[in-house]
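Colleague: Before anything else, here's the structure in question.
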Amino acid sequence: MAYAVVAPLVVLFLILYSRRKSRQYPLPPGPRKFPIVENLFQIPSGGFLWLDYAELCRKYESDIIHLSALGNSIIVLNSAKTASDLLEKRSSIYSSRPPTVMLGELMGWGSTLIFRPNDDSWKSQRRIINQALPPTDPKRFHPKQLSATHDLLRVLPHSDNLIRDFSRWAAAFIMDVTYGLDAAEAQPYLPTAVAALDSMATAGTPGAFYVDQIPILKYVPEWFPGADFKRKAREWSDLRVKMTETAFNVTKQRMAMGTATQSLTLAALEQIDRTQDLTSQEDIIKKASVTAYGGGSDTIVAALGSFILNMLMNPEIQIKAHEQLEKVLGPGDLPSFSDEPLLPYITAITQEALRHNPVTPLAFPHELTQDDIYEGYFLPKKSIIMPNVWSILHNEEDYPNAEVFNPSRFLDADGKMNSKVKDPANTAFGFGRRACPGKHIALGSLWIAVASILTCYSIEPELDEHGKPVKPKAEWYPGPTLFNHPLPFKCRFVPRSRDVEASLGVSLI
């Protein structure tokens, strides 16, 4: 019995030792590696992982560091240069995804675009999204984006849970873009979708579950003490299946009846090759659709939550935004996408919301598909590559006083967009071949929401029992989670004028 336990560990140690002996270049700096377990107990876990990894990089005075655990190699990229050099310039070998046991195998998300390695299915799913959501045709979904935004404006003055209402609104809007179901039609499907995405965010967080570091644990039965993760995986997998199948089937049925409205799923179904296997083609469409849905809703919710909270903390920014909106829009007018070139300060606010508290502070991990040498360091094949988006977007050289929420950093002396300042969207939405294919939809939705909210409302603190403003607390969900969003907070949306009531068809005051 003892031999059965010790022998595999000895073999693993000999393999690791032989690898070290055969290398001509050192690994990147990082914590000292202990025999067998290496850095297993030094890998950050819990909440705010991006801050822990940033601290490790400072400690070892390097923008690229290395950790390992039980044969798994982890490389953290902490600067725009390292991320660009590897994930952009060498994207052919840095664009795959590492396998994940909890999220990929046990929950089943490993077959979808975000988490799938670079294979034919990944290419097919990405092609579907690119064809249905082409960046060259950003106006295709403008009517849906405007309609959804106006729905949100009607809700805000009566909201008692802003993050919840943002989540419902974003989920309904993305459901419309993905499956062609409007806000009312989407309601029955939203609870499942929101729960499925929450579980994905939890399970996808590096270090959240030991089964990802010790894959053999996946064989432990669900009833075994400490195997609660198996029950969670089963329940969360059921949510994924339900989310993937139900809305897709509705769109397919409506297409057959000729009543389907424009959506990603409809566009993909219309392109099906009837001479080929229909089941496999539909399976690819289902996976592409659920990926598009999952990738869009949490992004918008987190970014809008950050925007609202920072408006509360910085009322002078609101005043400046209101002044620009009043110069461009007439009384009672709501902003449209054609107004964007005339509203650079609004654009700057959206960029700062993405930068100051990035939605995914640690980008989804990449996988290196062959051994590589970078800056004199050896980077082993199958390494998990983790770009620290938070560090990149808080780099003091690119964004001085990075901890301060300051939209003006993106403007020149004339108040126009400054092309010399790096656009945070190029980092916030991923790198290389793994950059989000629906980025333009998310950015457009965020911009029109920010512009419309600031046109209609002043965002003000809640009042206490004596009618005095309560200073808001800027607190963020610690996780573990992939997404960075503020904890629920209270505020008031005070209508700025009665002139917009006719446009929205409701009384706001």
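By convention here, the chains of the structure tokens are called A, B, ... in the order presented, each chain's residues are numbered starting at 1, and ligands are numbered starting at 1 in the order presented.
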For Ile214 in chain A, list every protein, DNA or RNA residue within 12 Å, evaluated using only C-alpha atoms, and leave out those in the same chain fewer than 4 positions away; present the list as a list in words.
Modeller: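 These residues fall inside the cut-off: Val37, Leu40, Ala69, Leu70, Gly71, Asn72, Thr100, Val101, Met102, Gly207, Phe209, Tyr210, Lys218, Tyr219 and Val220 of chain A.
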Colleague: Give me the residues near Ala247 in chain A as a ChimeraX atom specification, where near means some atom within 12 Å (using only C-alpha atoms) and where sequence neighbours in that chain fewer than 2 positions away do not count.
Modeller: /A:172,174-182,185-190,192-193,240-245,249-254,260,263,265-266,286,289-290,293
Colleague: With range 298-320 of chain A as the partner and 7 Å as the cut-off, tabulate the residues of range 125-240 of chain A that qualify, each row holding the nearest pair of atoms and their distance in Å to one decimal, using only C-alpha atoms, sorted by chain and rising number, as JSON lines.
Modeller:
{"residue": "A:Ile163", "atom": "CA", "partner": "A:Gly305", "partner_atom": "CA", "distance": 6.6}
{"residue": "A:Phe166", "atom": "CA", "partner": "A:Val301", "partner_atom": "CA", "distance": 5.6}
{"residue": "A:Ser167", "atom": "CA", "partner": "A:Val301", "partner_atom": "CA", "distance": 5.8}
{"residue": "A:Ala170", "atom": "CA", "partner": "A:Val301", "partner_atom": "CA", "distance": 6.6}
Colleague: Measuring atom to atom with only C-alpha atoms, identify which of A:Val76, A:Leu27, A:Val194, A:Ala348 is nearest to Phe378 in chain A.
Modeller: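 Smallest separation from Phe378 in chain A among the options: A:Leu27.
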Colleague: With only C-alpha atoms as the basis for distance, which of A:Leu67, A:Leu463, A:Ile128, A:Met257 is at the shortest distance from Leu269 in chain A?
Modeller: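 Closest candidate: A:Ile128.
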Colleague: For Gly46 in chain A, find every residue with an atom within 12 Å (counting only C-alpha atoms), except residues of its own chain fewer than 5 positions away, and show them as a list in words.
Modeller: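 My reading of the contact set: Leu51, Asp52, Thr202, Ala203, Thr205, Pro206, Gly207, Ala208, Phe209, Tyr210, Tyr477, Pro478, Gly479, Pro480, Thr481 and Leu482 of chain A.
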Colleague: Do a neighbour search on Ala80 in chain A at 12 Å with only C-alpha atoms, toss out local chain neighbours closer than 2 positions, and write the hits as a ChimeraX atom specification.
Modeller: /A:63-64,76-78,82-88,387-398,422-424,426-428,430-431
